[in-house]
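Working notes, beginning with the structure itself.
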Amino acid sequence: RSCILVSIGGKNIMLDCGMHMGYNDDRRFPDFSYITQNGRLTDFLDCVIISHFHLDHCGALPFMSEMVGYDGPIYMTHPTKAICPILLEDFRKITVDKKGETNFFTSQMIKDCMKKVVPLNLHQTVQVDDELEIKAYYAGHVLGAAMVHIKVGSESVVYTGDYNMTPDRHLGAAWIDKCRPDILISESTYATTIRDSKRCRERDFLKKVHESIERGGKVLIPVFALGRAQELCILLETFWERMNLKAPIYFSTGLTEKANHYYKLFITWTNQKIRKTFVQRNMFEFKHIKAFDRSYADNPGPMVVFATPGMLHAGQSLQIFKKWAGNEKNMVIMPGYCVQGTIGHKILNGQRKLEMEGRSTLDVKLQVEYMSFSAHADAKGIMQLIRMAEPRNMLLVHGEAVKMEFLKGKIEQEFSIDCYMPANGETVTVTTNPSVPVDISLNLLKREMALGGPLPDPKKPRTMHGTLIMKENSLKLVSSEQALKELGLNEHQLRFTCRVQLQDPHSDTDTLHRIYTHLKSVLKGYTIQHLPDGTVMVESIVIKVSSSTEDPNTKVLLLSWSYQFGSDLYCLKRGFFF
Amino acid sequence: RTDMEETEFDDILDDWFIESLKTYKDLHVYQLEHPTQVIEWTSGKTVCVAGFTSSKNEILELRLPLKLFADENKGLCAERDFKVVHGGFTDAPVRFSNCLNLQVWDLGGDDSDVIRRTGSVDGSRGVSEGGSRIAARLSSQPQVLHGAESAGVRLTQLTSGQTVYTLETDSADPLSSLHFVSDAVFLAGCSNGKVYIADTRTSAAPQLSPPPPSSGESVLWWTDASAGPSCLDPSSCRIVRLSSCGQTVISDLRNPGGAVSRAQLDVQTRRCNADDVRVSWAPALDDCIAVSGFSGAVQIYSSSVWTTELQEAQPLFEHRGHAVSSQSDDGVPVFVTSHVWHPERPRTLLSAASDGSVHVWDWVDQSAAGC
């Protein structure tokens, strides 16, 4: 499950809130006690950002917002906002109705959760508050998936969610500008793989469908309304056309309406080719693919049917499955992951006898095929993304650390950046070097210039004196006098005094004079004055001589200097050592 | 690239993929970041590939997709990807048969995925332009046969660095390959077409098979010897020699000077990089030879139909995947840099090309007779 907490510039952000599909107990939820031991999360989080609608990224969201408690904003793209609640509701139905779980969110909770959602547009900067801003980038992967750029002051983080760097038939490839974030957080589940090409996967799919059709079998493809269904339809249409095949292809009507509706809404999220064709015709208007009627399932001969829901847990796809399961000429192709408890999950685990409602058993004789069409970035993709964004540090999540030393080394070598690979529950602290912009007053600049000397150079910085004022979210460097004026304060001068005792039988005046002559001879190059008021001044240090009251031979030298002139004091010390 | 060109390319590619439904049983297409000239088996399911640029190169140990091996439950296995099991870096170009200084690499165990260099063997005696060739000994002792020229081929113990055997020949001919045909017998194939056969157990002079006739001066030759269990009896060992103009000669190890059969292959020698050409016997099929390096295709021939007369031979199968799927921007056509047969699966091969692609394919034998 994906759930990452980021603290940046004093802000706390939760990235994704996924469910772990392998557990049945509370381990499937993220452990929110990392945020706070008790109570609601609202005070501890500035915002929550969801990257896309897959359950391992948003499955725990209603639990977090309604059962643990969070009332702040939840950011996600428009398509994600539209599709999330559907998937969450399906998931809830399976978990509660089919498996009888109790500690789970309700339908109302899903609705309440979605009310807190603030939708994002691509490349649009959104101010969460006056310091925190976020921006969504196209991630490919599934409809509406986004990578998020988070910025507080001059520090930034980019979180990728799931993404892919190669376009497919209905989605483009992920893209980001050279935003140079301090940290790039990337999923690395496939970091140690080199992915087989898209066309080979498609070839496999076509081969299976073709083989089944050739022997007169029926092919059932359970799909969720969006994403894969669209792509596979385009693929089959192209294939049927080329091979001049006659077997009918159907998709269930529920599928068409929903899919059309969403694609119309989110056309900008699909790729170039789809957008072009969509202008000419309806999304699901294919030559060889027609709307399904439930009576067709009993027709003889080969056919291909796309039906919902995707995990065979209910509805039309399950009905068709029941009818076709007993014939070994038939085939079911599962194009994605199935949640535990569904028929899809069971048959993918090799189960050939299923217990159905009413205690009847179903013999699964048809061929079961699992094809993975999900688009993820592999090692090459991760390197490509790093080249695009140019982060200063890299963080890889959800990989196996032991198996990623090579990739870590590769990243560190090629880009000279640090690469971190934290495990679940681990905290990584990354030191950043933010540039802090400061305005400098013209007067101060002029004064510094008047002091002469070499001009400041990035390689040879020069020390300057001034006062840094933070006012209205900006930083200014001004002269001390101006600062005092702005603050309405009087300048105080500190003078230090020190008494030195000498044994000298001469008169006060003589002693002073002797000191004066001595210093003058030893400290060349310094301004030494013998003033008529009976003091000697070395630069701005004042020296007075007086006799001790007890013993006229003991002279007391009073030295007095002001705070700034440490260097003058040093030279005086030198003088006295002589 | 215009939209039009892009569509045309896609169409041709789609066509090839659709055609492949009949012509291949399995097909996997991968893209490495950098091209490799090396594909070497490290186990029944893993291969090593490595870059060959003049600066830093990656060495990767890749595990073949699980789906390829999941024979019974193939349908339930969705895994089609290469898994990078181990990875490492080297500063020199890696051409397994062509390194001046032999570097020894430790593939690491389960607790790390990094490949580290553990040592080197000085292989640079009498170095010719091509550099050293190597062959690993079939026995369990870690020994490697290496050399750049026929005179000076040595068998070195890896752990001690000791030379166990040295080949002595009258002339120093640059080598194109070294092969073990049994535990102790090896072949040194020279670029001029000569083949030396030596036994590491004796100090007797090696047998010499002269270059096939009608060999011109600038013609290069490559060799492969069929090895493995069938070669415990040397009489079933055969040598194939391929020239840069496509002439192919098969000889018997018992009579290395003669020719069992010949053929003229259509290799379209517009250009060929000596380092890229490979000819190999299929380890699990009779009389099958694979040839690559002359173009963007890998050709499979069945030598069972060849005779002693030099005649044109047609390939039994041609894998054109690299040529078809390559999008070369600079107009330079892609060419295959390496191929290997799977040691047990009869028709499975891996091939790599100059554009960084690596294909794993299992071809369908469409002819009645043959392999």
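Following the order of the structure tokens, chains are lettered A, B, ..., residues in each are numbered from 1, and ligands are numbered from 1.
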
Using the chain letters and numbers from this document, which residues of range 151-269 of chain A does DSSP assign to alpha helix (DSSP H), as number ranges by chain?
A: 198-214, 228-243, 253-265

Exercise answer, chain A residues close to chain B, 6 Å and only C-alpha atoms, as a PyMOL selection string:
chain A and resi 192-197+200+369-372+402-403+406

Could you save the residues just selected, with all heavy atoms, as an mmCIF file, in the first residue's frame?
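Produced file part.cif, reproduced below:
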```cif
data_model
loop_
_atom_site.group_PDB
_atom_site.id
_atom_site.type_symbol
_atom_site.label_atom_id
_atom_site.label_comp_id
_atom_site.auth_asym_id
_atom_site.auth_seq_id
_atom_site.Cartn_x
_atom_site.Cartn_y
_atom_site.Cartn_z
ATOM 1 N N THR A 192 13.758 -3.181 -10.870
ATOM 2 C CA THR A 192 14.769 -4.164 -11.255
ATOM 3 C C THR A 192 14.279 -5.038 -12.398
ATOM 4 O O THR A 192 14.720 -6.162 -12.565
ATOM 5 C CB THR A 192 15.150 -5.046 -10.058
ATOM 6 O OG1 THR A 192 13.950 -5.556 -9.486
ATOM 7 C CG2 THR A 192 15.914 -4.258 -9.031
ATOM 8 N N THR A 193 13.336 -4.525 -13.165
ATOM 9 C CA THR A 193 12.936 -5.306 -14.332
ATOM 10 C C THR A 193 13.211 -4.525 -15.594
ATOM 11 O O THR A 193 13.363 -3.314 -15.586
ATOM 12 C CB THR A 193 11.427 -5.628 -14.327
ATOM 13 O OG1 THR A 193 10.705 -4.407 -14.366
ATOM 14 C CG2 THR A 193 11.029 -6.437 -13.123
ATOM 15 N N ILE A 194 13.260 -5.260 -16.680
ATOM 16 C CA ILE A 194 13.296 -4.644 -18.004
ATOM 17 C C ILE A 194 12.026 -5.172 -18.660
ATOM 18 O O ILE A 194 11.873 -6.380 -18.864
ATOM 19 C CB ILE A 194 14.540 -5.072 -18.793
ATOM 20 C CG1 ILE A 194 15.785 -4.560 -18.066
ATOM 21 C CG2 ILE A 194 14.483 -4.513 -20.202
ATOM 22 C CD1 ILE A 194 17.087 -4.940 -18.718
ATOM 23 N N ARG A 195 11.118 -4.270 -18.953
ATOM 24 C CA ARG A 195 9.780 -4.706 -19.361
ATOM 25 C C ARG A 195 9.697 -5.154 -20.803
ATOM 26 O O ARG A 195 10.295 -4.542 -21.692
ATOM 27 C CB ARG A 195 8.788 -3.572 -19.130
ATOM 28 C CG ARG A 195 8.820 -3.067 -17.692
ATOM 29 C CD ARG A 195 7.462 -2.715 -17.179
ATOM 30 N NE ARG A 195 6.739 -3.876 -16.699
ATOM 31 C CZ ARG A 195 5.428 -3.947 -16.549
ATOM 32 N NH1 ARG A 195 4.682 -2.912 -16.874
ATOM 33 N NH2 ARG A 195 4.847 -5.028 -16.093
ATOM 34 N N ASP A 196 8.947 -6.211 -20.971
ATOM 35 C CA ASP A 196 8.648 -6.707 -22.306
ATOM 36 C C ASP A 196 7.821 -5.631 -23.009
ATOM 37 O O ASP A 196 7.030 -4.944 -22.387
ATOM 38 C CB ASP A 196 7.840 -8.005 -22.165
ATOM 39 C CG ASP A 196 7.713 -8.756 -23.473
ATOM 40 O OD1 ASP A 196 8.350 -8.364 -24.469
ATOM 41 O OD2 ASP A 196 6.968 -9.749 -23.491
ATOM 42 N N SER A 197 7.986 -5.528 -24.317
ATOM 43 C CA SER A 197 7.309 -4.436 -25.027
ATOM 44 C C SER A 197 5.794 -4.589 -24.980
ATOM 45 O O SER A 197 5.251 -5.678 -24.827
ATOM 46 C CB SER A 197 7.764 -4.391 -26.484
ATOM 47 O OG SER A 197 7.148 -5.444 -27.191
ATOM 48 N N CYS A 200 4.310 -6.956 -27.533
ATOM 49 C CA CYS A 200 4.406 -8.387 -27.236
ATOM 50 C C CYS A 200 3.284 -8.825 -26.323
ATOM 51 O O CYS A 200 2.743 -9.924 -26.470
ATOM 52 C CB CYS A 200 5.750 -8.716 -26.594
ATOM 53 S SG CYS A 200 7.003 -9.053 -27.817
ATOM 54 N N GLU A 369 -6.711 -17.226 -18.295
ATOM 55 C CA GLU A 369 -5.492 -16.518 -18.686
ATOM 56 C C GLU A 369 -5.357 -15.218 -17.907
ATOM 57 O O GLU A 369 -6.330 -14.484 -17.755
ATOM 58 C CB GLU A 369 -5.533 -16.181 -20.187
ATOM 59 C CG GLU A 369 -5.485 -17.385 -21.104
ATOM 60 C CD GLU A 369 -4.097 -17.975 -21.240
ATOM 61 O OE1 GLU A 369 -3.114 -17.235 -21.082
ATOM 62 O OE2 GLU A 369 -4.009 -19.188 -21.492
ATOM 63 N N TYR A 370 -4.158 -14.979 -17.406
ATOM 64 C CA TYR A 370 -3.896 -13.742 -16.673
ATOM 65 C C TYR A 370 -2.923 -12.919 -17.504
ATOM 66 O O TYR A 370 -1.819 -13.363 -17.790
ATOM 67 C CB TYR A 370 -3.298 -14.085 -15.305
ATOM 68 C CG TYR A 370 -2.986 -12.896 -14.423
ATOM 69 C CD1 TYR A 370 -3.702 -11.716 -14.513
ATOM 70 C CD2 TYR A 370 -1.979 -12.967 -13.471
ATOM 71 C CE1 TYR A 370 -3.413 -10.632 -13.690
ATOM 72 C CE2 TYR A 370 -1.685 -11.902 -12.639
ATOM 73 C CZ TYR A 370 -2.407 -10.743 -12.753
ATOM 74 O OH TYR A 370 -2.116 -9.687 -11.926
ATOM 75 N N MET A 371 -3.339 -11.746 -17.909
ATOM 76 C CA MET A 371 -2.442 -10.912 -18.699
ATOM 77 C C MET A 371 -2.250 -9.592 -18.002
ATOM 78 O O MET A 371 -3.212 -8.953 -17.625
ATOM 79 C CB MET A 371 -3.056 -10.661 -20.070
ATOM 80 C CG MET A 371 -3.399 -11.948 -20.738
ATOM 81 S SD MET A 371 -3.096 -11.852 -22.456
ATOM 82 C CE MET A 371 -2.987 -13.576 -22.833
ATOM 83 N N SER A 372 -1.035 -9.213 -17.852
ATOM 84 C CA SER A 372 -0.781 -7.969 -17.141
ATOM 85 C C SER A 372 -0.550 -6.857 -18.142
ATOM 86 O O SER A 372 0.428 -6.860 -18.873
ATOM 87 C CB SER A 372 0.434 -8.157 -16.239
ATOM 88 O OG SER A 372 0.942 -6.910 -15.881
ATOM 89 N N VAL A 402 17.620 -4.922 -0.964
ATOM 90 C CA VAL A 402 18.751 -5.798 -1.283
ATOM 91 C C VAL A 402 18.938 -5.935 -2.787
ATOM 92 O O VAL A 402 20.031 -6.058 -3.304
ATOM 93 C CB VAL A 402 18.513 -7.175 -0.620
ATOM 94 C CG1 VAL A 402 19.125 -8.284 -1.430
ATOM 95 C CG2 VAL A 402 19.049 -7.170 0.782
ATOM 96 N N LYS A 403 17.842 -5.886 -3.509
ATOM 97 C CA LYS A 403 17.901 -6.068 -4.947
ATOM 98 C C LYS A 403 18.082 -4.777 -5.696
ATOM 99 O O LYS A 403 17.991 -4.740 -6.907
ATOM 100 C CB LYS A 403 16.595 -6.722 -5.427
ATOM 101 C CG LYS A 403 16.225 -7.984 -4.707
ATOM 102 C CD LYS A 403 17.084 -9.135 -5.121
ATOM 103 C CE LYS A 403 16.721 -10.402 -4.383
ATOM 104 N NZ LYS A 403 17.675 -11.464 -4.606
ATOM 105 N N PHE A 406 22.335 -2.030 -7.036
ATOM 106 C CA PHE A 406 22.893 -1.709 -8.347
ATOM 107 C C PHE A 406 22.244 -0.451 -8.904
ATOM 108 O O PHE A 406 22.932 0.461 -9.362
ATOM 109 C CB PHE A 406 22.703 -2.891 -9.293
ATOM 110 C CG PHE A 406 23.050 -2.575 -10.721
ATOM 111 C CD1 PHE A 406 24.336 -2.182 -11.066
ATOM 112 C CD2 PHE A 406 22.097 -2.640 -11.715
ATOM 113 C CE1 PHE A 406 24.667 -1.864 -12.377
ATOM 114 C CE2 PHE A 406 22.421 -2.332 -13.037
ATOM 115 C CZ PHE A 406 23.695 -1.945 -13.367
#
```

If we count only C-alpha atoms and set the cut-off at 6 Å, which residues sit around Tyr24 in chain B, ignoring sequence neighbours fewer than 3 positions away in its own chain? Please answer as a VMD selection string.
chain B and resid 20 362 to 364

If you run DSSP over the backbone, which residues in range 167-276 of chain B end up strand (DSSP E or B)? Put them as JSON, numbers by chain.
{"B": [174, 175, 176, 177, 178, 179, 180, 185, 186, 187, 188, 189, 190, 195, 196, 197, 198, 199, 207, 208, 209, 221, 222, 223, 224, 225, 238, 239, 240, 241, 242, 243, 247, 248, 249, 250, 251, 252, 255, 261, 262, 263, 264, 265]}

Residue neighbourhood Ile183 in chain A, 12 Å, only C-alpha atoms, exclusion window fewer than 4 positions, as a PyMOL selection string:
chain A and resi 6-8+148-151+155-160+179+386+389-396+417-420+428-433

Got a sec: who's within 7 Å of range 45-51 of chain A, counting only C-alpha atoms, leaving out chain neighbours fewer than 4 positions off, as a ChimeraX atom specification?
/A:11-16,41,57-58,72-76,145-147,161

May I have the residues from that selection written out with N, CA, C and O atoms, as an mmCIF file, in the first residue's frame?
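What ended up in selection-v5.cif:
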```
data_model
loop_
_atom_site.group_PDB
_atom_site.id
_atom_site.type_symbol
_atom_site.label_atom_id
_atom_site.label_comp_id
_atom_site.auth_asym_id
_atom_site.auth_seq_id
_atom_site.Cartn_x
_atom_site.Cartn_y
_atom_site.Cartn_z
ATOM 1 N N LYS A 11 5.349 22.120 6.918
ATOM 2 C CA LYS A 11 4.044 21.585 6.491
ATOM 3 C C LYS A 11 4.087 20.052 6.483
ATOM 4 O O LYS A 11 5.127 19.476 6.198
ATOM 5 N N ASN A 12 2.964 19.432 6.805
ATOM 6 C CA ASN A 12 2.851 17.966 6.760
ATOM 7 C C ASN A 12 1.872 17.556 5.680
ATOM 8 O O ASN A 12 0.737 18.025 5.660
ATOM 9 N N ILE A 13 2.340 16.698 4.793
ATOM 10 C CA ILE A 13 1.504 16.278 3.668
ATOM 11 C C ILE A 13 1.460 14.759 3.610
ATOM 12 O O ILE A 13 2.482 14.110 3.788
ATOM 13 N N MET A 14 0.261 14.226 3.340
ATOM 14 C CA MET A 14 0.127 12.778 3.153
ATOM 15 C C MET A 14 0.003 12.516 1.653
ATOM 16 O O MET A 14 -0.848 13.120 0.979
ATOM 17 N N LEU A 15 0.875 11.652 1.153
ATOM 18 C CA LEU A 15 0.839 11.322 -0.270
ATOM 19 C C LEU A 15 0.249 9.931 -0.419
ATOM 20 O O LEU A 15 0.831 8.956 0.036
ATOM 21 N N ASP A 16 -0.927 9.851 -1.022
ATOM 22 C CA ASP A 16 -1.673 8.614 -1.207
ATOM 23 C C ASP A 16 -2.116 8.006 0.118
ATOM 24 O O ASP A 16 -1.535 8.301 1.181
ATOM 25 N N LEU A 41 -6.737 13.498 12.632
ATOM 26 C CA LEU A 41 -5.502 13.873 11.933
ATOM 27 C C LEU A 41 -5.525 15.302 11.401
ATOM 28 O O LEU A 41 -4.507 15.800 10.923
ATOM 29 N N HIS A 57 -3.608 2.842 -3.746
ATOM 30 C CA HIS A 57 -3.242 4.247 -3.545
ATOM 31 C C HIS A 57 -4.354 5.069 -2.910
ATOM 32 O O HIS A 57 -4.099 6.127 -2.344
ATOM 33 N N CYS A 58 -5.610 4.586 -3.005
ATOM 34 C CA CYS A 58 -6.702 5.382 -2.423
ATOM 35 C C CYS A 58 -7.657 4.532 -1.601
ATOM 36 O O CYS A 58 -8.624 5.039 -1.054
ATOM 37 N N GLY A 72 -9.456 18.160 6.548
ATOM 38 C CA GLY A 72 -8.757 19.104 5.678
ATOM 39 C C GLY A 72 -8.967 18.756 4.211
ATOM 40 O O GLY A 72 -9.747 17.863 3.885
ATOM 41 N N PRO A 73 -8.278 19.487 3.323
ATOM 42 C CA PRO A 73 -8.480 19.238 1.889
ATOM 43 C C PRO A 73 -7.805 17.955 1.419
ATOM 44 O O PRO A 73 -6.748 17.572 1.903
ATOM 45 N N ILE A 74 -8.479 17.295 0.448
ATOM 46 C CA ILE A 74 -7.916 16.114 -0.218
ATOM 47 C C ILE A 74 -7.817 16.469 -1.689
ATOM 48 O O ILE A 74 -8.825 16.775 -2.325
ATOM 49 N N TYR A 75 -6.610 16.467 -2.220
ATOM 50 C CA TYR A 75 -6.412 16.872 -3.605
ATOM 51 C C TYR A 75 -6.267 15.673 -4.520
ATOM 52 O O TYR A 75 -5.586 14.706 -4.200
ATOM 53 N N MET A 76 -6.922 15.742 -5.688
ATOM 54 C CA MET A 76 -6.759 14.717 -6.726
ATOM 55 C C MET A 76 -7.261 15.305 -8.036
ATOM 56 O O MET A 76 -7.967 16.308 -8.036
ATOM 57 N N ALA A 145 -4.147 9.709 -13.745
ATOM 58 C CA ALA A 145 -3.005 9.554 -12.827
ATOM 59 C C ALA A 145 -2.097 10.768 -12.931
ATOM 60 O O ALA A 145 -1.838 11.274 -14.017
ATOM 61 N N ALA A 146 -1.622 11.224 -11.770
ATOM 62 C CA ALA A 146 -0.793 12.418 -11.760
ATOM 63 C C ALA A 146 0.446 12.245 -10.906
ATOM 64 O O ALA A 146 0.464 11.458 -9.961
ATOM 65 N N MET A 147 1.468 12.998 -11.262
ATOM 66 C CA MET A 147 2.653 13.141 -10.416
ATOM 67 C C MET A 147 2.476 14.530 -9.795
ATOM 68 O O MET A 147 1.933 15.430 -10.427
ATOM 69 N N GLY A 161 3.745 8.798 -7.682
ATOM 70 C CA GLY A 161 2.670 7.812 -7.714
ATOM 71 C C GLY A 161 3.135 6.729 -8.679
ATOM 72 O O GLY A 161 4.333 6.468 -8.785
#
```

Got a sec: who's within 8 Å of range 501-509 of chain A, counting only C-alpha atoms, leaving out chain neighbours fewer than 6 positions off, as a VMD selection string?
chain A and resid 534 545 to 547 552 to 557

Polymer residues at most 6 Å from Gly172 in chain A, only C-alpha atoms, same-chain spacing of 5 or more positions, as an MDAnalysis selection string
chainID A and resid 140 167 271

Take the residues from that selection and write them out as a compact mmCIF listing (two decimals), in the first residue's frame, keeping N, CA and C atoms.
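again36.txt, freshly written:
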```txt
# COMPACT_ATOMS: atom_id res chain seq x y z
N GLY A 140 0.59 9.30 -17.08
CA GLY A 140 0.31 8.13 -17.90
C GLY A 140 -0.38 7.10 -17.02
N PRO A 167 4.28 5.71 -24.09
CA PRO A 167 2.84 5.87 -24.33
C PRO A 167 2.22 4.55 -24.78
N ASN A 271 -4.51 10.11 -25.03
CA ASN A 271 -3.40 10.52 -25.88
C ASN A 271 -3.88 11.15 -27.18
```
